[in-house]
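Trainee: Sending over work.txt (compact mmCIF, C-alpha atoms (C1' of nucleotides)).
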# COMPACT_ATOMS: atom_id res chain seq x y z
CA MET O 1 -7.01 15.04 2.48
CA ALA O 2 -4.64 12.11 1.91
CA GLY O 3 -6.82 10.03 4.23
CA VAL O 4 -9.94 10.84 2.27
CA LEU O 5 -8.23 10.07 -1.02
CA SER O 6 -6.72 6.78 0.05
CA ALA O 7 -10.03 5.74 1.58
CA LEU O 8 -11.70 6.39 -1.78
CA ALA O 9 -8.82 4.96 -3.81
CA ASP O 10 -9.94 1.43 -2.96
CA PRO O 11 -12.60 0.31 -5.47
CA MET O 12 -14.57 -1.56 -2.81
CA ARG O 13 -14.73 1.42 -0.52
CA LEU O 14 -15.63 3.73 -3.37
CA ARG O 15 -18.53 1.42 -4.20
CA ILE O 16 -19.61 1.42 -0.57
CA VAL O 17 -19.64 5.23 -0.51
CA LYS O 18 -21.46 5.33 -3.81
CA SER O 19 -24.24 3.03 -2.66
CA LEU O 20 -24.56 4.91 0.60
CA MET O 21 -24.98 8.11 -1.37
CA GLN O 22 -27.51 6.58 -3.76
CA GLN O 23 -29.79 5.54 -0.91
CA ASN O 24 -30.94 8.58 0.98
CA GLU O 25 -31.37 6.47 4.11
CA CYS O 26 -28.75 4.94 6.34
CA MET O 27 -27.56 1.48 5.36
CA SER O 28 -26.24 -1.38 7.40
CA CYS O 29 -22.71 -2.57 6.65
CA SER O 30 -23.86 -5.76 4.96
CA ALA O 31 -26.52 -3.96 2.91
CA ALA O 32 -23.85 -1.65 1.54
CA ALA O 33 -21.39 -4.48 0.92
CA PRO O 34 -19.94 -4.16 -2.56
CA CYS O 35 -19.84 -7.89 -3.16
CA PRO O 36 -21.62 -10.68 -1.33
CA ASP O 37 -18.64 -13.03 -0.97
CA MET O 38 -16.41 -10.60 0.88
CA ALA O 39 -15.29 -11.72 4.34
CA LYS O 40 -17.10 -9.97 7.17
CA SER O 41 -13.81 -8.94 8.73
CA THR O 42 -12.66 -7.36 5.49
CA LEU O 43 -15.92 -5.46 5.17
CA SER O 44 -15.68 -4.34 8.77
CA ASN O 45 -12.17 -3.12 8.13
CA HIS O 46 -13.29 -1.10 5.09
CA PHE O 47 -15.98 0.58 7.17
CA ARG O 48 -13.43 1.37 9.87
CA ILE O 49 -11.17 3.04 7.30
CA LEU O 50 -14.08 5.06 5.91
CA ARG O 51 -15.02 6.13 9.43
CA GLU O 52 -11.47 7.10 10.35
CA ALA O 53 -11.13 9.12 7.15
CA GLY O 54 -14.23 11.05 8.16
CA LEU O 55 -16.20 9.83 5.16
CA ILE O 56 -19.00 8.07 6.97
CA GLN O 57 -20.77 8.18 10.28
CA THR O 58 -21.96 5.03 11.96
CA THR O 59 -24.66 4.70 14.59
CA LYS O 60 -25.77 1.56 16.29
CA LYS O 61 -29.40 0.65 15.75
CA GLY O 62 -30.25 -2.63 17.40
CA VAL O 63 -28.17 -5.40 16.04
CA GLU O 64 -26.97 -3.48 13.05
CA HIS O 65 -24.82 -0.44 12.40
CA ARG O 66 -26.36 2.25 10.24
CA ASN O 67 -24.01 4.19 8.01
CA VAL O 68 -24.33 7.53 6.25
CA VAL O 69 -21.89 9.52 4.17
CA ARG O 70 -20.94 12.75 5.89
CA GLU O 71 -21.62 14.79 2.79
CA ALA O 72 -22.12 18.14 4.48
CA ASP O 73 -18.89 17.88 6.48
CA LEU O 74 -16.94 16.77 3.45
CA ASN O 75 -18.35 19.45 1.21
CA ALA O 76 -17.41 22.01 3.82
CA ARG O 77 -13.84 20.78 3.99
CA PHE O 78 -13.33 19.87 0.33
CA PRO O 79 -16.04 21.35 -1.86
CA LYS O 80 -16.89 19.24 -4.92
CA LEU O 81 -14.30 16.58 -4.14
CA LEU O 82 -16.70 13.85 -3.11
CA LYS O 83 -19.15 14.43 -5.93
CA THR O 84 -16.38 14.58 -8.51
CA ILE O 85 -14.76 11.35 -7.39
CA VAL O 86 -17.96 9.38 -6.82
CA GLY O 87 -19.17 10.54 -10.21
CA TYR O 88 -16.34 8.57 -11.81
CA ALA O 89 -16.87 5.41 -9.73
CA GLU O 90 -17.27 2.33 -11.88
CA MET L 1 -9.92 5.55 -12.05
CA ALA L 2 -8.79 3.60 -8.98
CA GLY L 3 -5.24 3.75 -10.33
CA VAL L 4 -5.39 7.53 -10.68
CA LEU L 5 -6.83 7.93 -7.20
CA SER L 6 -4.38 5.66 -5.44
CA ALA L 7 -1.52 7.32 -7.30
CA LEU L 8 -2.70 10.69 -6.00
CA ALA L 9 -3.57 9.36 -2.54
CA ASP L 10 0.09 9.33 -1.59
CA PRO L 11 1.11 12.76 -0.26
CA MET L 12 4.54 12.57 -1.88
CA ARG L 13 3.11 11.78 -5.30
CA LEU L 14 0.48 14.44 -4.97
CA ARG L 15 3.24 16.95 -4.25
CA ILE L 16 5.16 15.73 -7.27
CA VAL L 17 2.13 16.22 -9.50
CA LYS L 18 1.47 19.61 -7.99
CA SER L 19 4.98 20.86 -8.63
CA LEU L 20 4.93 19.50 -12.15
CA MET L 21 1.71 21.42 -12.76
CA GLN L 22 3.03 24.63 -11.26
CA GLN L 23 6.01 24.67 -13.60
CA ASN L 24 4.85 24.91 -17.16
CA GLU L 25 8.01 23.18 -18.32
CA CYS L 26 9.04 19.58 -17.95
CA MET L 27 10.94 18.72 -14.78
CA SER L 28 13.53 16.09 -14.05
CA CYS L 29 12.68 13.54 -11.37
CA SER L 30 15.06 15.02 -8.83
CA ALA L 31 13.91 18.59 -9.51
CA ALA L 32 10.34 17.54 -8.76
CA ALA L 33 11.34 15.53 -5.68
CA PRO L 34 9.04 16.43 -2.79
CA CYS L 35 11.79 16.21 -0.21
CA PRO L 36 15.55 16.23 -0.66
CA ASP L 37 16.34 13.33 1.65
CA MET L 38 14.19 10.76 -0.11
CA ALA L 39 16.02 7.72 -1.46
CA LYS L 40 16.54 7.73 -5.23
CA SER L 41 14.91 4.33 -5.52
CA THR L 42 11.82 5.51 -3.67
CA LEU L 43 11.55 8.57 -5.88
CA SER L 44 12.00 6.45 -8.98
CA ASN L 45 9.24 4.16 -7.74
CA HIS L 46 6.85 7.08 -7.22
CA PHE L 47 7.48 8.27 -10.77
CA ARG L 48 6.86 4.76 -12.09
CA ILE L 49 3.50 4.61 -10.30
CA LEU L 50 2.52 8.04 -11.64
CA ARG L 51 3.51 6.91 -15.16
CA GLU L 52 1.59 3.64 -14.89
CA ALA L 53 -1.50 5.47 -13.64
CA GLY L 54 -1.33 7.63 -16.76
CA LEU L 55 -0.73 10.78 -14.73
CA ILE L 56 2.61 11.77 -16.16
CA GLN L 57 4.62 11.28 -19.30
CA THR L 58 8.37 10.87 -19.16
CA THR L 59 10.83 11.47 -21.95
CA LYS L 60 14.55 10.98 -21.83
CA LYS L 61 16.60 14.08 -22.44
CA GLY L 62 20.29 13.39 -22.10
CA VAL L 63 21.11 12.14 -18.68
CA GLU L 64 17.82 13.17 -17.14
CA HIS L 65 14.18 12.18 -17.52
CA ARG L 66 11.78 15.03 -18.20
CA ASN L 67 8.30 14.69 -16.75
CA VAL L 68 5.01 16.40 -17.55
CA VAL L 69 1.52 15.89 -16.20
CA ARG L 70 -0.80 14.57 -18.89
CA GLU L 71 -3.42 17.17 -18.13
CA ALA L 72 -5.24 17.05 -21.46
CA ASP L 73 -5.60 13.24 -21.39
CA LEU L 74 -6.75 13.27 -17.80
CA ASN L 75 -9.25 16.06 -18.35
CA ALA L 76 -10.65 14.14 -21.27
CA ARG L 77 -11.10 10.99 -19.20
CA PHE L 78 -12.05 12.56 -15.87
CA PRO L 79 -13.01 16.21 -16.30
CA LYS L 80 -12.19 18.38 -13.27
CA LEU L 81 -10.82 15.48 -11.24
CA LEU L 82 -7.17 16.47 -11.37
CA LYS L 83 -7.77 20.14 -10.73
CA THR L 84 -10.11 19.40 -7.84
CA ILE L 85 -7.70 17.03 -6.12
CA VAL L 86 -4.54 19.03 -6.72
CA GLY L 87 -6.37 22.11 -5.48
CA TYR L 88 -6.60 20.49 -2.06
CA ALA L 89 -2.99 19.30 -1.95
CA GLU L 90 -1.17 20.46 1.16
C1' DT V 1 -32.17 -18.89 28.40
C1' DC V 2 -30.75 -19.88 23.89
C1' DA V 3 -30.20 -19.46 18.93
C1' DA V 4 -29.64 -16.15 15.31
C1' DT V 5 -27.84 -12.01 13.44
C1' DA V 6 -24.53 -8.02 12.77
C1' DG V 7 -20.16 -6.42 13.54
C1' DT V 8 -15.50 -6.37 15.81
C1' DT V 9 -11.04 -8.13 17.15
C1' DC V 10 -7.17 -11.09 16.66
C1' DA V 11 -3.39 -13.65 14.55
C1' DG V 12 -1.29 -15.30 10.65
C1' DA V 13 -0.57 -15.48 5.61
C1' DA V 14 -0.06 -12.77 1.41
C1' DC V 15 0.98 -8.67 -0.42
C1' DT V 16 3.08 -3.83 -0.88
C1' DA V 17 6.23 0.10 -0.07
C1' DG V 18 10.76 2.13 1.24
C1' DT V 19 15.64 1.55 1.16
C1' DG V 20 20.72 0.75 0.10
C1' DA V 21 23.60 -1.42 -3.17
C1' DA V 22 24.61 -2.54 -7.64
C1' DC V 23 23.46 -1.55 -12.18
C1' DT V 24 22.68 1.11 -17.00
C1' DA V 25 23.00 5.15 -19.83
C1' DT V 26 24.52 9.64 -21.02
C1' DT V 27 27.62 13.46 -20.75
C1' DG V 28 31.80 16.07 -20.56
C1' DA V 29 36.58 16.50 -19.51
C1' DA V 30 41.38 14.76 -19.70
C1' DT F 1 39.34 6.81 -26.09
C1' DT F 2 38.86 6.46 -21.34
C1' DC F 3 37.18 7.75 -17.00
C1' DA F 4 34.50 10.15 -13.52
C1' DA F 5 30.15 12.24 -12.61
C1' DT F 6 25.26 12.42 -12.91
C1' DA F 7 20.34 10.66 -13.38
C1' DG F 8 17.47 6.91 -12.98
C1' DT F 9 16.35 1.91 -12.73
C1' DT F 10 16.44 -2.71 -10.84
C1' DC F 11 17.12 -5.98 -7.19
C1' DA F 12 16.74 -8.01 -2.65
C1' DC F 13 15.58 -7.26 1.86
C1' DT F 14 12.93 -5.42 5.63
C1' DA F 15 8.94 -3.25 7.60
C1' DG F 16 4.50 -2.35 7.42
C1' DT F 17 -0.28 -3.09 5.51
C1' DT F 18 -4.35 -5.77 3.92
C1' DC F 19 -7.27 -9.87 3.69
C1' DT F 20 -9.12 -13.71 5.92
C1' DG F 21 -11.12 -17.34 9.12
C1' DA F 22 -11.91 -18.09 13.87
C1' DA F 23 -13.29 -16.52 18.09
C1' DC F 24 -15.49 -12.88 20.29
C1' DT F 25 -19.31 -9.15 21.84
C1' DA F 26 -23.87 -7.20 21.68
C1' DT F 27 -28.61 -7.12 20.51
C1' DT F 28 -32.90 -9.23 19.37
C1' DG F 29 -36.74 -12.42 19.38
C1' DA F 30 -38.53 -16.96 20.32
Here is the file; what I need is its structure written in the form of structure tokens.

Mentor:
Amino acid sequence: MAGVLSALADPMRLRIVKSLMQQNECMSCSAAAPCPDMAKSTLSNHFRILREAGLIQTTKKGVEHRNVVREADLNARFPKLLKTIVGYAE
Amino acid sequence: MAGVLSALADPMRLRIVKSLMQQNECMSCSAAAPCPDMAKSTLSNHFRILREAGLIQTTKKGVEHRNVVREADLNARFPKLLKTIVGYAE
DNA sequence: TCAATAGTTCAGAACTAGTGAACTATTGAA
DNA sequence: TTCAATAGTTCACTAGTTCTGAACTATTGA
């Protein structure tokens, strides 16, 4: 729970999750990047945190990594939490 | 929003907010302390963060500071958020 | 085989959080 | 009034975290 919250407490990561949820398809890390000038390493780190918190799932597809939000898992563990928080994302 | 989330993302602060909500009355900082062995300065810092995030209101009453969760304000700004998160607090 | 692309890992700088010590403010007793 | 006790705050220091560029790995396509 704390892991999920602190993952989402960062505005950049919240925006990543929001854009992943808005697309129904998987997105590569750079496609979901919240701002274009962010260092690759920083972005990579944000995705790692989201993965470790159980918020996203990443699969390798060729040269890129495709990410999806693990909505079903999260709704099972914490019903309504994700939707409530993402609903308030700037 | 990010401020509210990162304030609640800390397990200690979430426990503080939870105990404040369970009591209907105000509570002093030490009464709401999530664990007895925490340093006073750390506790004070947690309360400051909760205040700055707009989560609690503190009034001085004699030698102690009385704290309440600003439920009405928070529900006005972010309906259901507080209840949802606190509901999952360990 | 080689360049391009997408991410990761690493090391260092910049920032943040937890702590003890010293401080302020209020109370209540001598 | 004075002094000790109590409740929090502030400060300075340490320990840990985050952000970043540089170097790396892996995959693709020419």

Trainee: List as an MDAnalysis selection string: which residues have an atom within 12 Å of (-17.2, 0.3, -0.8), counting all atoms listed in the file?

Mentor: chainID O and resid 7:21 29:36 38 42:51 55:56 67 69 86 89:90

Trainee: Quick one: write out the picked residues with C-alpha atoms as a compact mmCIF listing (two decimals), keeping the file's coordinate frame?

Mentor:
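What follows is the written file out-v7.txt:
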# COMPACT_ATOMS: atom_id res chain seq x y z
CA ALA O 7 -10.03 5.74 1.58
CA LEU O 8 -11.70 6.39 -1.78
CA ALA O 9 -8.82 4.96 -3.81
CA ASP O 10 -9.94 1.43 -2.96
CA PRO O 11 -12.60 0.31 -5.47
CA MET O 12 -14.57 -1.56 -2.81
CA ARG O 13 -14.73 1.42 -0.52
CA LEU O 14 -15.63 3.73 -3.37
CA ARG O 15 -18.53 1.42 -4.20
CA ILE O 16 -19.61 1.42 -0.57
CA VAL O 17 -19.64 5.23 -0.51
CA LYS O 18 -21.46 5.33 -3.81
CA SER O 19 -24.24 3.03 -2.66
CA LEU O 20 -24.56 4.91 0.60
CA MET O 21 -24.98 8.11 -1.37
CA CYS O 29 -22.71 -2.57 6.65
CA SER O 30 -23.86 -5.76 4.96
CA ALA O 31 -26.52 -3.96 2.91
CA ALA O 32 -23.85 -1.65 1.54
CA ALA O 33 -21.39 -4.48 0.92
CA PRO O 34 -19.94 -4.16 -2.56
CA CYS O 35 -19.84 -7.89 -3.16
CA PRO O 36 -21.62 -10.68 -1.33
CA MET O 38 -16.41 -10.60 0.88
CA THR O 42 -12.66 -7.36 5.49
CA LEU O 43 -15.92 -5.46 5.17
CA SER O 44 -15.68 -4.34 8.77
CA ASN O 45 -12.17 -3.12 8.13
CA HIS O 46 -13.29 -1.10 5.09
CA PHE O 47 -15.98 0.58 7.17
CA ARG O 48 -13.43 1.37 9.87
CA ILE O 49 -11.17 3.04 7.30
CA LEU O 50 -14.08 5.06 5.91
CA ARG O 51 -15.02 6.13 9.43
CA LEU O 55 -16.20 9.83 5.16
CA ILE O 56 -19.00 8.07 6.97
CA ASN O 67 -24.01 4.19 8.01
CA VAL O 69 -21.89 9.52 4.17
CA VAL O 86 -17.96 9.38 -6.82
CA ALA O 89 -16.87 5.41 -9.73
CA GLU O 90 -17.27 2.33 -11.88

Trainee: Could you please select, counting all atoms listed in the file, the residues of chain L within 6 Å of chain O and state them as a ChimeraX atom specification?

Mentor: /L:2,5-6,9

Trainee: Name the closest residue to DG20 in chain V among the candidates F:DC13, F:DA5, F:DA30, F:DA23; distances are taken between atoms, counting all atoms listed in the file.

Mentor: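 Among F:DC13, F:DA5, F:DA30, F:DA23, it is F:DC13 that comes nearest to DG20 in chain V.
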
Trainee: Find the residues of chain L in contact range of chain F, meaning any atom within 8 Å when counting only C-alpha atoms (C1' of nucleotides), and list them as a list of chain:residue names.

Mentor: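 Taken together, these residues fit the definition: L:Lys40, L:Ser41, L:Ser44, L:Val63, L:Glu64, L:His65.
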
Trainee: Kindly give the distance, in Å, that separates CA of Asp37 in chain O and C1' of DA4 in chain V, rounded to a single decimal.

Mentor: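 Rounded to one decimal, the two atoms are 19.9 Å apart.
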
Trainee: Quick check, in Å to one decimal: how far apart do CA of Lys61 in chain O and CA of Glu25 in chain O lie?

Mentor: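 Pair CA of Lys61 in chain O / CA of Glu25 in chain O returns 13.2 Å.
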
Trainee: Pick from V:DA30, V:DA17, V:DC2, V:DC23: nearest to chain L, with all atoms listed in the file counted?

Mentor: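 Among the listed residues, the smallest separation from chain L belongs to V:DA17.
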
Trainee: Work out how far apart C1' of DA22 in chain V and CA of Ala39 in chain L are and give it in Å to one decimal.

Mentor: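 Taking C1' of DA22 in chain V and CA of Ala39 in chain L, their separation equals 14.7 Å.
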
Trainee: Considering all atoms listed in the file, can you say which of O:Asn75, O:Ser28, O:Thr59, O:Gln22 comes closest to chain V?

Mentor: O:Ser28

Trainee: Can you build me a table of chain V residues sitting at most 10 Å from chain L, with the closest atom pair per residue and its distance in Å to one decimal, using all atoms listed in the file, sorted by chain and residue number, as JSON lines?

Mentor:
{"residue": "V:DA17", "atom": "C1'", "partner": "L:Thr42", "partner_atom": "CA", "distance": 8.6}
{"residue": "V:DG18", "atom": "C1'", "partner": "L:Thr42", "partner_atom": "CA", "distance": 6.1}
{"residue": "V:DT19", "atom": "C1'", "partner": "L:Ala39", "partner_atom": "CA", "distance": 6.7}
{"residue": "V:DG20", "atom": "C1'", "partner": "L:Ala39", "partner_atom": "CA", "distance": 8.6}
{"residue": "V:DA25", "atom": "C1'", "partner": "L:Val63", "partner_atom": "CA", "distance": 7.3}
{"residue": "V:DT26", "atom": "C1'", "partner": "L:Val63", "partner_atom": "CA", "distance": 4.8}
{"residue": "V:DT27", "atom": "C1'", "partner": "L:Val63", "partner_atom": "CA", "distance": 7.0}
